[in-house]
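Source file work_30.cif; content: mmCIF, C-alpha atoms.
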```
data_query
#
loop_
_atom_site.label_atom_id
_atom_site.label_comp_id
_atom_site.auth_asym_id
_atom_site.auth_seq_id
_atom_site.Cartn_x
_atom_site.Cartn_y
_atom_site.Cartn_z
CA MET A 1 -36.62 -27.11 -2.62
CA THR A 2 -38.75 -24.11 -3.75
CA ASP A 3 -42.35 -24.70 -4.95
CA GLY A 4 -41.55 -28.30 -5.59
CA LEU A 5 -38.58 -27.41 -7.75
CA PRO A 6 -34.99 -28.25 -6.85
CA ALA A 7 -32.84 -25.36 -5.65
CA PRO A 8 -30.54 -23.95 -8.35
CA ALA A 9 -27.01 -25.32 -8.20
CA TYR A 10 -24.84 -22.21 -8.11
CA GLN A 11 -21.23 -22.45 -9.04
CA ILE A 12 -19.08 -20.79 -6.39
CA ASP A 13 -17.11 -17.86 -7.76
CA PRO A 14 -13.37 -18.66 -7.44
CA ILE A 15 -12.64 -14.96 -6.96
CA ASN A 16 -15.24 -13.92 -4.38
CA GLY A 17 -17.04 -17.13 -3.50
CA SER A 18 -20.47 -15.53 -3.96
CA PRO A 19 -23.21 -16.69 -6.40
CA ALA A 20 -24.34 -13.09 -6.96
CA GLN A 21 -20.83 -12.04 -7.83
CA GLN A 22 -20.55 -15.13 -10.08
CA ASP A 23 -23.40 -13.68 -12.15
CA GLU A 24 -21.58 -10.33 -12.22
CA ALA A 25 -18.39 -12.02 -13.38
CA GLY A 26 -20.32 -13.50 -16.27
CA VAL A 27 -21.04 -10.05 -17.73
CA LEU A 28 -17.62 -8.53 -17.10
CA SER A 29 -15.04 -8.39 -19.84
CA TYR A 30 -11.70 -10.14 -19.55
CA ARG A 31 -9.93 -6.85 -18.82
CA GLN A 32 -12.46 -5.99 -16.10
CA LEU A 33 -11.92 -9.36 -14.48
CA ILE A 34 -8.17 -8.84 -14.51
CA TRP A 35 -8.51 -5.35 -13.01
CA ARG A 36 -10.91 -6.58 -10.30
CA ARG A 37 -8.50 -9.31 -9.29
CA PHE A 38 -5.43 -7.06 -9.54
CA ARG A 39 -6.80 -4.32 -7.27
CA LYS A 40 -7.29 -6.86 -4.50
CA ASN A 41 -3.54 -7.35 -4.35
CA ARG A 42 -2.45 -4.55 -2.01
CA MET A 43 1.25 -4.98 -2.61
CA GLY A 44 0.69 -4.82 -6.35
CA MET A 45 -1.38 -1.64 -6.02
CA VAL A 46 1.23 0.00 -3.77
CA ALA A 47 4.01 -1.02 -6.15
CA GLY A 48 2.09 0.37 -9.13
CA ALA A 49 1.45 3.66 -7.33
CA LEU A 50 5.13 3.92 -6.35
CA LEU A 51 6.24 3.36 -9.95
CA ILE A 52 3.80 5.99 -11.22
CA VAL A 53 5.25 8.47 -8.73
CA CYS A 54 8.82 7.57 -9.74
CA TYR A 55 8.14 7.97 -13.45
CA THR A 56 6.28 11.24 -12.83
CA ILE A 57 9.27 12.58 -10.90
CA ALA A 58 11.63 11.43 -13.66
CA VAL A 59 9.57 13.15 -16.36
CA GLY A 60 9.39 16.36 -14.32
CA ALA A 61 13.04 16.22 -13.22
CA PRO A 62 13.92 19.85 -14.19
CA PHE A 63 11.09 21.07 -11.97
CA VAL A 64 11.39 18.58 -9.10
CA ALA A 65 15.19 18.68 -8.74
CA PRO A 66 16.59 21.65 -6.77
CA TYR A 67 19.48 22.10 -9.23
CA HIS A 68 20.61 21.00 -12.66
CA TYR A 69 22.39 17.65 -12.47
CA ASN A 70 25.61 19.11 -13.89
CA ASP A 71 25.87 22.32 -11.81
CA VAL A 72 29.47 22.24 -10.52
CA ASP A 73 30.70 24.18 -7.48
CA VAL A 74 34.04 22.96 -6.10
CA LEU A 75 33.63 25.19 -3.04
CA VAL A 76 30.91 22.87 -1.72
CA ARG A 77 32.38 19.50 -2.68
CA HIS A 78 31.50 16.59 -0.35
CA VAL A 79 29.03 18.56 1.75
CA PRO A 80 27.16 16.10 4.01
CA PRO A 81 23.35 15.89 3.80
CA GLN A 82 21.44 18.79 5.34
CA SER A 83 18.34 18.28 7.46
CA LEU A 84 15.07 19.99 6.59
CA HIS A 85 13.54 21.74 9.62
CA LEU A 86 10.10 23.19 10.29
CA SER A 87 9.09 25.94 12.70
CA ILE A 88 6.14 28.30 13.09
CA GLU A 89 8.36 31.34 12.72
CA HIS A 90 10.40 30.34 9.67
CA GLY A 91 8.37 27.55 8.08
CA PHE A 92 10.64 25.08 6.29
CA TYR A 93 14.30 25.97 6.52
CA VAL A 94 17.83 24.58 6.54
CA TYR A 95 20.83 25.65 8.57
CA GLY A 96 23.84 27.16 6.89
CA ILE A 97 27.16 25.40 6.61
CA GLN A 98 30.60 26.54 7.68
CA THR A 99 33.96 25.42 6.38
CA ILE A 100 36.55 23.89 8.70
CA ARG A 101 39.99 22.65 7.69
CA ASN A 102 40.98 19.29 9.14
CA VAL A 103 44.40 19.78 10.80
CA GLU A 104 45.37 16.15 10.14
CA THR A 105 44.34 15.65 6.52
CA LEU A 106 44.30 19.37 5.56
CA GLU A 107 41.00 18.66 3.77
CA MET A 108 38.15 21.15 3.92
CA GLU A 109 35.23 19.81 5.95
CA PHE A 110 31.77 21.18 6.54
CA ALA A 111 29.80 21.60 9.75
CA ILE A 112 26.31 22.87 10.52
CA ASP A 113 26.06 26.57 11.32
CA THR A 114 23.01 26.81 13.58
CA LYS A 115 23.30 30.62 13.70
CA THR A 116 22.45 30.93 10.02
CA ILE A 117 19.00 30.02 8.71
CA PHE A 118 17.92 29.83 5.07
CA PRO A 119 14.16 29.52 4.40
CA VAL A 120 13.07 26.86 1.94
CA SER A 121 10.46 28.01 -0.56
CA PHE A 122 8.01 26.12 -2.73
CA LEU A 123 8.02 26.98 -6.46
CA PHE A 124 11.43 28.56 -5.98
CA MET A 125 12.88 30.54 -8.92
CA ASP A 126 16.64 30.33 -9.40
CA ASN A 127 18.98 32.92 -10.89
CA ASN A 128 18.35 31.60 -14.40
CA GLY A 129 14.59 32.10 -14.14
CA ASN A 130 13.81 28.39 -13.76
CA ARG A 131 11.26 27.25 -11.21
CA HIS A 132 11.84 24.31 -8.90
CA LEU A 133 9.52 22.51 -6.53
CA LEU A 134 11.78 23.34 -3.57
CA GLY A 135 14.70 25.72 -3.31
CA SER A 136 16.58 28.11 -1.09
CA GLU A 137 18.78 31.17 -1.43
CA GLY A 138 21.47 29.42 0.58
CA PRO A 139 23.08 25.97 0.28
CA PHE A 140 20.33 23.38 -0.10
CA PHE A 141 21.73 19.86 -0.29
CA LEU A 142 19.30 17.40 1.29
CA LEU A 143 21.39 14.39 0.22
CA GLY A 144 24.77 16.13 0.17
CA THR A 145 27.12 16.77 -2.74
CA ASP A 146 29.67 14.73 -4.66
CA ARG A 147 33.37 15.26 -5.37
CA MET A 148 32.60 18.10 -7.82
CA GLY A 149 30.10 19.90 -5.61
CA ARG A 150 27.04 18.69 -7.55
CA ASP A 151 23.79 18.16 -5.66
CA LEU A 152 23.29 14.40 -5.21
CA LEU A 153 19.50 14.59 -4.96
CA SER A 154 19.28 16.39 -8.29
CA ARG A 155 21.59 13.87 -9.92
CA ILE A 156 19.50 10.97 -8.59
CA ILE A 157 16.31 12.52 -9.97
CA PHE A 158 17.85 13.22 -13.38
CA GLY A 159 19.52 9.80 -13.35
CA ALA A 160 16.08 8.21 -13.01
CA ARG A 161 15.21 9.51 -16.48
CA VAL A 162 17.98 7.41 -18.02
CA SER A 163 17.85 4.30 -15.84
CA MET A 164 14.06 3.95 -15.81
CA SER A 165 13.55 4.84 -19.46
CA ILE A 166 16.15 2.28 -20.52
CA GLY A 167 14.00 -0.33 -18.79
CA LEU A 168 10.90 0.68 -20.76
CA VAL A 169 12.57 1.21 -24.14
CA GLY A 170 14.72 -1.89 -23.81
CA VAL A 171 11.79 -4.10 -22.84
CA PHE A 172 9.70 -2.64 -25.67
CA LEU A 173 12.37 -3.60 -28.21
CA SER A 174 12.89 -7.04 -26.70
CA LEU A 175 9.11 -7.62 -26.69
CA ILE A 176 8.95 -6.92 -30.41
CA LEU A 177 11.81 -9.30 -31.13
CA GLY A 178 10.69 -11.98 -28.68
CA SER A 179 7.01 -11.90 -29.64
CA LEU A 180 7.51 -11.95 -33.40
CA LEU A 181 10.35 -14.48 -33.48
CA GLY A 182 8.70 -16.69 -30.86
CA THR A 183 5.41 -16.68 -32.79
CA VAL A 184 7.14 -17.39 -36.11
CA SER A 185 9.16 -20.17 -34.50
CA GLY A 186 6.13 -21.88 -33.01
CA TYR A 187 3.77 -21.36 -35.96
CA PHE A 188 5.93 -22.36 -38.92
CA GLY A 189 8.24 -24.85 -37.22
CA GLY A 190 10.76 -26.66 -39.40
CA TRP A 191 14.10 -25.04 -40.19
CA MET A 192 12.90 -21.62 -39.01
CA ASP A 193 12.09 -23.06 -35.60
CA HIS A 194 15.48 -24.79 -35.38
CA LEU A 195 17.38 -21.64 -36.43
CA ILE A 196 15.61 -19.34 -33.96
CA GLN A 197 15.90 -21.79 -31.09
CA ARG A 198 19.62 -22.31 -31.70
CA ILE A 199 20.12 -18.53 -31.58
CA VAL A 200 18.20 -18.41 -28.31
CA GLU A 201 20.32 -21.18 -26.85
CA LEU A 202 23.50 -19.44 -27.98
CA LEU A 203 22.49 -16.22 -26.21
CA ALA A 204 21.48 -18.14 -23.08
CA SER A 205 24.81 -19.98 -22.94
CA PHE A 206 26.80 -16.82 -22.19
CA PRO A 207 26.97 -15.49 -18.59
CA PRO A 208 25.05 -12.19 -18.54
CA ILE A 209 27.63 -9.83 -17.03
CA PRO A 210 30.60 -10.89 -19.23
CA LEU A 211 28.32 -10.67 -22.26
CA TRP A 212 27.17 -7.18 -21.23
CA MET A 213 30.79 -6.17 -20.70
CA ALA A 214 31.86 -7.47 -24.10
CA LEU A 215 29.04 -5.72 -25.92
CA GLY A 216 29.41 -2.57 -23.82
CA ALA A 217 33.12 -2.42 -24.63
CA ALA A 218 32.20 -2.55 -28.32
CA VAL A 219 30.45 0.82 -28.05
CA PRO A 220 32.81 3.37 -29.70
CA ALA A 221 34.43 5.76 -27.22
CA GLY A 222 33.73 8.71 -29.52
CA TRP A 223 29.97 8.35 -29.36
CA THR A 224 27.92 11.13 -27.78
CA SER A 225 25.88 10.55 -24.64
CA ILE A 226 22.66 10.06 -26.62
CA GLU A 227 24.31 7.60 -29.00
CA THR A 228 25.74 5.68 -26.07
CA TYR A 229 22.30 5.63 -24.42
CA LEU A 230 20.70 4.19 -27.57
CA GLY A 231 23.55 1.72 -27.99
CA ILE A 232 23.21 0.40 -24.42
CA THR A 233 19.44 0.12 -24.86
CA ILE A 234 19.82 -1.93 -28.04
CA ILE A 235 22.49 -4.13 -26.42
CA LEU A 236 20.23 -4.95 -23.46
CA SER A 237 17.34 -5.67 -25.84
CA ILE A 238 19.38 -8.01 -28.03
CA VAL A 239 20.51 -10.20 -25.15
CA SER A 240 17.14 -10.41 -23.37
CA TRP A 241 14.58 -11.39 -26.01
CA GLY A 242 15.37 -15.11 -26.01
CA GLY A 243 13.46 -16.09 -22.88
CA LEU A 244 10.27 -14.40 -24.05
CA ALA A 245 10.59 -15.93 -27.53
CA ARG A 246 10.82 -19.43 -26.08
CA GLU A 247 7.77 -18.93 -23.84
CA ILE A 248 5.68 -17.43 -26.66
CA ARG A 249 6.72 -20.34 -28.89
CA GLY A 250 5.34 -22.80 -26.35
CA LYS A 251 1.96 -21.06 -26.23
CA VAL A 252 1.76 -20.74 -30.02
CA LEU A 253 2.45 -24.46 -30.41
CA VAL A 254 -0.75 -25.07 -28.45
CA TYR A 255 -2.85 -22.33 -30.08
CA ARG A 256 -2.04 -23.28 -33.69
CA GLU A 257 -3.75 -26.65 -33.17
CA GLN A 258 -6.93 -25.13 -31.77
CA GLU A 259 -10.17 -25.10 -33.77
CA PHE A 260 -10.24 -21.32 -34.29
CA ALA A 261 -6.76 -21.31 -35.88
CA LEU A 262 -7.50 -24.35 -38.06
CA ALA A 263 -10.84 -22.85 -39.13
CA ALA A 264 -9.19 -19.57 -40.12
CA LEU A 265 -6.56 -21.46 -42.14
CA ALA A 266 -9.28 -23.56 -43.85
CA ALA A 267 -11.22 -20.38 -44.68
CA GLY A 268 -8.22 -19.09 -46.64
CA ALA A 269 -6.80 -16.63 -44.09
CA SER A 270 -3.19 -15.67 -44.58
CA HIS A 271 -0.50 -16.72 -42.15
CA TRP A 272 0.04 -13.08 -41.12
CA TYR A 273 -3.70 -12.71 -40.37
CA ILE A 274 -3.74 -15.86 -38.24
CA ILE A 275 -0.64 -14.77 -36.33
CA THR A 276 -1.78 -11.19 -35.64
CA ARG A 277 -5.51 -11.85 -35.10
CA HIS A 278 -5.59 -15.27 -33.45
CA LEU A 279 -2.25 -16.31 -31.98
CA LEU A 280 -0.62 -13.14 -30.61
CA PRO A 281 -3.80 -11.85 -28.85
CA GLY A 282 -3.91 -15.07 -26.87
CA CYS A 283 -0.43 -14.29 -25.56
CA TYR A 284 -1.05 -10.65 -24.60
CA SER A 285 -1.57 -11.27 -20.89
CA HIS A 286 1.53 -13.42 -20.76
CA ILE A 287 3.55 -10.80 -22.66
CA ILE A 288 2.47 -8.05 -20.24
CA VAL A 289 3.55 -10.10 -17.24
CA ILE A 290 6.89 -11.01 -18.79
CA ALA A 291 7.51 -7.37 -19.71
CA THR A 292 6.82 -6.19 -16.17
CA LEU A 293 9.21 -8.76 -14.73
CA ALA A 294 11.87 -7.99 -17.37
CA ILE A 295 12.10 -4.24 -16.72
CA PRO A 296 14.03 -4.68 -13.41
CA GLY A 297 16.58 -6.80 -15.25
CA MET A 298 17.05 -4.01 -17.80
CA ILE A 299 17.52 -1.42 -15.06
CA LEU A 300 20.03 -3.61 -13.24
CA GLY A 301 21.81 -4.30 -16.53
CA GLU A 302 22.26 -0.58 -17.23
CA THR A 303 23.32 0.00 -13.63
CA ALA A 304 25.89 -2.79 -13.82
CA LEU A 305 27.32 -1.58 -17.14
CA SER A 306 27.56 2.03 -15.95
CA PHE A 307 29.02 0.88 -12.63
CA LEU A 308 31.75 -0.97 -14.54
CA GLY A 309 32.41 2.11 -16.65
CA LEU A 310 31.04 0.55 -19.86
CA GLY A 311 27.59 2.11 -19.94
CA ILE A 312 26.31 5.67 -19.80
CA ARG A 313 29.15 8.17 -19.76
CA PRO A 314 29.38 11.66 -18.25
CA PRO A 315 28.12 14.32 -18.64
CA MET A 316 24.91 12.24 -18.87
CA THR A 317 24.05 10.71 -15.53
CA SER A 318 22.27 7.56 -14.41
CA TRP A 319 22.02 5.54 -11.22
CA GLY A 320 24.85 3.33 -12.42
CA VAL A 321 27.08 6.35 -13.07
CA LEU A 322 26.37 7.65 -9.57
CA LEU A 323 27.21 4.30 -7.99
CA GLU A 324 30.40 4.08 -10.03
CA GLU A 325 31.60 7.22 -8.26
CA ALA A 326 31.02 5.52 -4.89
CA GLN A 327 32.92 2.28 -5.45
CA ARG A 328 36.14 3.36 -3.75
CA VAL A 329 36.76 2.36 -0.13
CA THR A 330 37.65 5.93 0.87
CA VAL A 331 34.19 6.99 -0.23
CA LEU A 332 32.55 4.41 2.03
CA LEU A 333 34.62 5.61 4.98
CA HIS A 334 34.39 9.38 4.55
CA TYR A 335 31.42 10.09 2.27
CA PRO A 336 28.84 7.31 2.83
CA TRP A 337 25.97 9.44 1.49
CA LEU A 338 27.28 8.81 -2.04
CA LEU A 339 25.72 5.33 -1.72
CA TYR A 340 22.21 6.84 -1.62
CA PRO A 341 21.63 6.14 -5.37
CA ALA A 342 21.40 2.46 -4.45
CA VAL A 343 18.15 3.16 -2.58
CA PRO A 344 16.00 4.10 -5.62
CA VAL A 345 17.47 1.16 -7.54
CA LEU A 346 16.31 -1.23 -4.82
CA LEU A 347 12.89 0.41 -4.49
CA VAL A 348 12.15 0.40 -8.22
CA VAL A 349 13.36 -3.17 -8.77
CA ILE A 350 11.33 -4.48 -5.81
CA ALA A 351 8.26 -2.50 -6.94
CA PHE A 352 8.47 -3.95 -10.46
CA ASN A 353 8.76 -7.46 -9.03
CA PHE A 354 5.68 -6.98 -6.82
CA LEU A 355 3.79 -5.49 -9.76
CA GLY A 356 4.80 -8.39 -11.98
CA ASP A 357 3.69 -10.95 -9.40
CA ALA A 358 0.33 -9.19 -9.04
CA LEU A 359 -0.20 -9.07 -12.80
CA ARG A 360 0.77 -12.72 -13.11
CA ASP A 361 -1.90 -13.68 -10.58
CA ALA A 362 -4.49 -11.38 -12.13
CA ALA A 363 -3.82 -12.50 -15.70
CA ASP A 364 -5.84 -15.67 -14.99
CA PRO A 365 -8.95 -14.28 -13.25
CA TYR A 366 -10.61 -17.69 -13.15
CA ALA A 367 -7.81 -19.33 -11.18
CA ASN A 368 -8.34 -20.19 -7.54
#
```

What would the structure in this file look like if it were written as structure tokens?
Amino acid sequence: MTDGLPAPAYQIDPINGSPAQQDEAGVLSYRQLIWRRFRKNRMGMVAGALLIVCYTIAVGAPFVAPYHYNDVDVLVRHVPPQSLHLSIEHGFYVYGIQTIRNVETLEMEFAIDTKTIFPVSFLFMDNNGNRHLLGSEGPFFLLGTDRMGRDLLSRIIFGARVSMSIGLVGVFLSLILGSLLGTVSGYFGGWMDHLIQRIVELLASFPPIPLWMALGAAVPAGWTSIETYLGITIILSIVSWGGLAREIRGKVLVYREQEFALAALAAGASHWYIITRHLLPGCYSHIIVIATLAIPGMILGETALSFLGLGIRPPMTSWGVLLEEAQRVTVLLHYPWLLYPAVPVLLVVIAFNFLGDALRDAADPYAN
């Protein structure tokens, strides 16, 4: 009681539990509420920062990578990873390598030559006049080389441009298909709804990998690398829009019966206006979450197709192409560093899943 008046009954803020912050939440926009809730999820923030770094590295691949992804040197094939050292006298440096012939297999093997030191320079300029973040006058293979003497680290960095961009482009195309067809299916109903839902069920009835293989095998062998890239992206988009369409349909079925949609229809608004101005905006948060969770599936789909030899083809490289080169047992026994491309695949997929979970929780800022 205050001056004979009852104390105000504050509603506890479900986000912070504070009446003062409840008043603040009342003046914040929906986007601000989502951002405030999202930044409290540490794993989501770390995952988002990691993905920003990965995409930045992929965009700047010619500068970040020590070599071009297709620089071939058979004299340094299957060189094991070199260690980066630091000393006061030399700064960053790597040891040289020396060639030794195995008397049993007669294969050329490489060993560390501790008597030879090659300094590692920042903003290194190669013989072609191109600058790289790190480089050296001597052999500089931090993750080793493959069977053609190509630097594995450079190929992983350049491969990120293909694998990670396929996730974004593929999800963008599937979002367009899923959002529009799902909205049309839920809004109009009738035969259009039945037709779209039967197509969705048909796509969902096929196992993913055999369907990817069948569609990937349909890509003409004479296509260029860019045409193959676009073809794989479209294939992954075609087979992945059904789930989003069905979820958007369910939300539109609810929204079309709400007062704002019925009032717009009674006022003479066109169907296109109602769909684009009233129904789709209500699904934006859901679409963003679904897109974030769908990107890992796209990346894994490209990796699986390329691993099976039905996806991206050389000379273009991707993480799937790199893993395809490491599928033989002899590679696992003698050259285990060729499995390193699996590490960025795992990191990016896990990061997208954490980011998607964080966005899903933040999309409803009023939830407990």

Restricting the calculation to all atoms listed in the file: of A:Ile232, A:Leu279, A:Ile97, A:Ala261, which residue gets closest to A:Ile299?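 Counting all atoms listed in the file, the residue closest to A:Ile299 is A:Ile232.
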
Name the residues that the PyMOL selection byres ((chain A and resi 180-186) around 12) picks from the file above, as a PyMOL selection string, using the file's chain letters and numbers. chain A and resi 173-179+187-200+241-257+271-272+274-276+278-283+287

Taking (11.8, 11.7, -14.8) in the coordinates of the supplied file, I want to know which residues reach to within 7 Å of it, counting all atoms listed in the file; could you give the answer as an mmCIF file with C-alpha atoms, in the coordinates of the input?
```
data_model
loop_
_atom_site.group_PDB
_atom_site.id
_atom_site.type_symbol
_atom_site.label_atom_id
_atom_site.label_comp_id
_atom_site.auth_asym_id
_atom_site.auth_seq_id
_atom_site.Cartn_x
_atom_site.Cartn_y
_atom_site.Cartn_z
ATOM 1 C CA TYR A 55 8.140 7.970 -13.450
ATOM 2 C CA THR A 56 6.280 11.240 -12.830
ATOM 3 C CA ILE A 57 9.270 12.580 -10.900
ATOM 4 C CA ALA A 58 11.630 11.430 -13.660
ATOM 5 C CA VAL A 59 9.570 13.150 -16.360
ATOM 6 C CA GLY A 60 9.390 16.360 -14.320
ATOM 7 C CA ALA A 61 13.040 16.220 -13.220
ATOM 8 C CA ILE A 157 16.310 12.520 -9.970
ATOM 9 C CA PHE A 158 17.850 13.220 -13.380
ATOM 10 C CA ALA A 160 16.080 8.210 -13.010
ATOM 11 C CA ARG A 161 15.210 9.510 -16.480
#
```

From the options A:Gly129, A:Gly311, A:Pro119, A:Gly96, which residue's atoms come nearest to A:Trp223, counting all atoms listed in the file? A:Gly311

So that I can see what lies close to stretch 141-150 of chain A, please list as a tab-separated table (two decimals) with C-alpha atoms, in the coordinates of the input the residues with an atom at most 7 Å from it, counting only C-alpha atoms and leaving out residues fewer than 3 positions away in the same chain.
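Below is the file result18.tsv, written as the result:
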```tsv
chain	number	residue	atom	x	y	z
A	69	TYR	CA	22.39	17.65	-12.47
A	70	ASN	CA	25.61	19.11	-13.89
A	71	ASP	CA	25.87	22.32	-11.81
A	72	VAL	CA	29.47	22.24	-10.52
A	73	ASP	CA	30.70	24.18	-7.48
A	74	VAL	CA	34.04	22.96	-6.10
A	75	LEU	CA	33.63	25.19	-3.04
A	76	VAL	CA	30.91	22.87	-1.72
A	77	ARG	CA	32.38	19.50	-2.68
A	78	HIS	CA	31.50	16.59	-0.35
A	79	VAL	CA	29.03	18.56	1.75
A	80	PRO	CA	27.16	16.10	4.01
A	81	PRO	CA	23.35	15.89	3.80
A	82	GLN	CA	21.44	18.79	5.34
A	83	SER	CA	18.34	18.28	7.46
A	153	LEU	CA	19.50	14.59	-4.96
A	337	TRP	CA	25.97	9.44	1.49
A	338	LEU	CA	27.28	8.81	-2.04
```

What's the separation between atom CA of A:Val53 and atom CA of A:Phe352, in Å to one decimal place? 12.9 Å

Would you mind reading off the distance between atom CA of A:Ala47 and atom CA of A:Val343, one decimal, in Å?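 One can read the atom CA of A:Ala47 to atom CA of A:Val343 distance as 15.2 Å.
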
Expand the PyMOL selection byres ((chain A and resi 357-363) around 12) into the explicit residue set it covers here, and present it as number ranges by chain. A: 15, 30-48, 282-294, 350-356, 364-368

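Atom CA of A:Glu259 is positioned 24.5 Å from atom CA of A:Val27.
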
Select from stretch 211-263 of chain A every residue with an atom at most 12 Å from any atom of stretch 313-335 of chain A, then for each give the shortest pair of atoms and their distance in Å to one decimal, using all atoms listed in the file, rows by chain and rising number, as a Markdown table.
```
| residue | atom | partner | partner_atom | distance |
| --- | --- | --- | --- | --- |
| A:Gly216 | CA | A:Arg313 | CA | 11.5 |
| A:Val219 | CA | A:Arg313 | CA | 11.2 |
| A:Pro220 | CA | A:Arg313 | CA | 11.6 |
| A:Ala221 | CA | A:Arg313 | CA | 9.5 |
| A:Gly222 | CA | A:Arg313 | CA | 10.8 |
| A:Trp223 | CA | A:Arg313 | CA | 9.6 |
| A:Thr224 | CA | A:Arg313 | CA | 8.6 |
| A:Ser225 | CA | A:Met316 | CA | 6.1 |
| A:Ile226 | CA | A:Met316 | CA | 8.4 |
| A:Glu227 | CA | A:Arg313 | CA | 10.4 |
| A:Thr228 | CA | A:Arg313 | CA | 7.6 |
| A:Tyr229 | CA | A:Arg313 | CA | 8.7 |
| A:Gly231 | CA | A:Arg313 | CA | 11.9 |
| A:Ile232 | CA | A:Arg313 | CA | 10.8 |
```

Between A:Leu168, A:Leu123, A:His132, A:Asp113, smallest distance to A:Phe63 by all atoms listed in the file belongs to A:His132

Using only C-alpha atoms: which of A:Ile234, A:Met164, A:Glu137, A:Val239 has the shortest distance to A:Pro207: A:Val239

Rebuild stretch 263-277 of chain A so that it carries N, CA and C atoms, then output the result as a PDB file, in the frame of the given file.
```pdb
ATOM      1  N   ALA A 263      -9.712 -23.345 -38.330  1.00  0.00           N
ATOM      2  CA  ALA A 263     -10.840 -22.850 -39.130  1.00  0.00           C
ATOM      3  C   ALA A 263     -10.432 -21.638 -39.952  1.00  0.00           C
ATOM      4  N   ALA A 264      -9.653 -20.744 -39.373  1.00  0.00           N
ATOM      5  CA  ALA A 264      -9.190 -19.570 -40.120  1.00  0.00           C
ATOM      6  C   ALA A 264      -8.305 -19.988 -41.287  1.00  0.00           C
ATOM      7  N   LEU A 265      -7.433 -20.982 -41.065  1.00  0.00           N
ATOM      8  CA  LEU A 265      -6.560 -21.460 -42.140  1.00  0.00           C
ATOM      9  C   LEU A 265      -7.387 -22.123 -43.242  1.00  0.00           C
ATOM     10  N   ALA A 266      -8.430 -22.895 -42.856  1.00  0.00           N
ATOM     11  CA  ALA A 266      -9.280 -23.560 -43.850  1.00  0.00           C
ATOM     12  C   ALA A 266     -10.113 -22.553 -44.637  1.00  0.00           C
ATOM     13  N   ALA A 267     -10.425 -21.404 -44.004  1.00  0.00           N
ATOM     14  CA  ALA A 267     -11.220 -20.380 -44.680  1.00  0.00           C
ATOM     15  C   ALA A 267     -10.374 -19.533 -45.636  1.00  0.00           C
ATOM     16  N   GLY A 268      -9.079 -19.808 -45.705  1.00  0.00           N
ATOM     17  CA  GLY A 268      -8.220 -19.090 -46.640  1.00  0.00           C
ATOM     18  C   GLY A 268      -7.500 -17.899 -46.039  1.00  0.00           C
ATOM     19  N   ALA A 269      -7.498 -17.752 -44.724  1.00  0.00           N
ATOM     20  CA  ALA A 269      -6.800 -16.630 -44.090  1.00  0.00           C
ATOM     21  C   ALA A 269      -5.298 -16.776 -44.273  1.00  0.00           C
ATOM     22  N   SER A 270      -4.641 -15.648 -44.405  1.00  0.00           N
ATOM     23  CA  SER A 270      -3.190 -15.670 -44.580  1.00  0.00           C
ATOM     24  C   SER A 270      -2.507 -16.001 -43.255  1.00  0.00           C
ATOM     25  N   HIS A 271      -1.248 -16.414 -43.357  1.00  0.00           N
ATOM     26  CA  HIS A 271      -0.500 -16.720 -42.150  1.00  0.00           C
ATOM     27  C   HIS A 271      -0.354 -15.469 -41.268  1.00  0.00           C
ATOM     28  N   TRP A 272      -0.099 -14.316 -41.895  1.00  0.00           N
ATOM     29  CA  TRP A 272       0.040 -13.080 -41.120  1.00  0.00           C
ATOM     30  C   TRP A 272      -1.251 -12.758 -40.370  1.00  0.00           C
ATOM     31  N   TYR A 273      -2.412 -12.972 -41.021  1.00  0.00           N
ATOM     32  CA  TYR A 273      -3.700 -12.710 -40.370  1.00  0.00           C
ATOM     33  C   TYR A 273      -3.887 -13.640 -39.186  1.00  0.00           C
ATOM     34  N   ILE A 274      -3.565 -14.899 -39.335  1.00  0.00           N
ATOM     35  CA  ILE A 274      -3.740 -15.860 -38.240  1.00  0.00           C
ATOM     36  C   ILE A 274      -2.815 -15.504 -37.070  1.00  0.00           C
ATOM     37  N   ILE A 275      -1.585 -15.103 -37.390  1.00  0.00           N
ATOM     38  CA  ILE A 275      -0.640 -14.770 -36.330  1.00  0.00           C
ATOM     39  C   ILE A 275      -1.083 -13.531 -35.559  1.00  0.00           C
ATOM     40  N   THR A 276      -1.465 -12.468 -36.298  1.00  0.00           N
ATOM     41  CA  THR A 276      -1.780 -11.190 -35.640  1.00  0.00           C
ATOM     42  C   THR A 276      -3.177 -11.157 -35.033  1.00  0.00           C
ATOM     43  N   ARG A 277      -4.122 -11.914 -35.573  1.00  0.00           N
ATOM     44  CA  ARG A 277      -5.510 -11.850 -35.100  1.00  0.00           C
ATOM     45  C   ARG A 277      -5.892 -12.997 -34.170  1.00  0.00           C
TER      46      ARG A 277
END
```
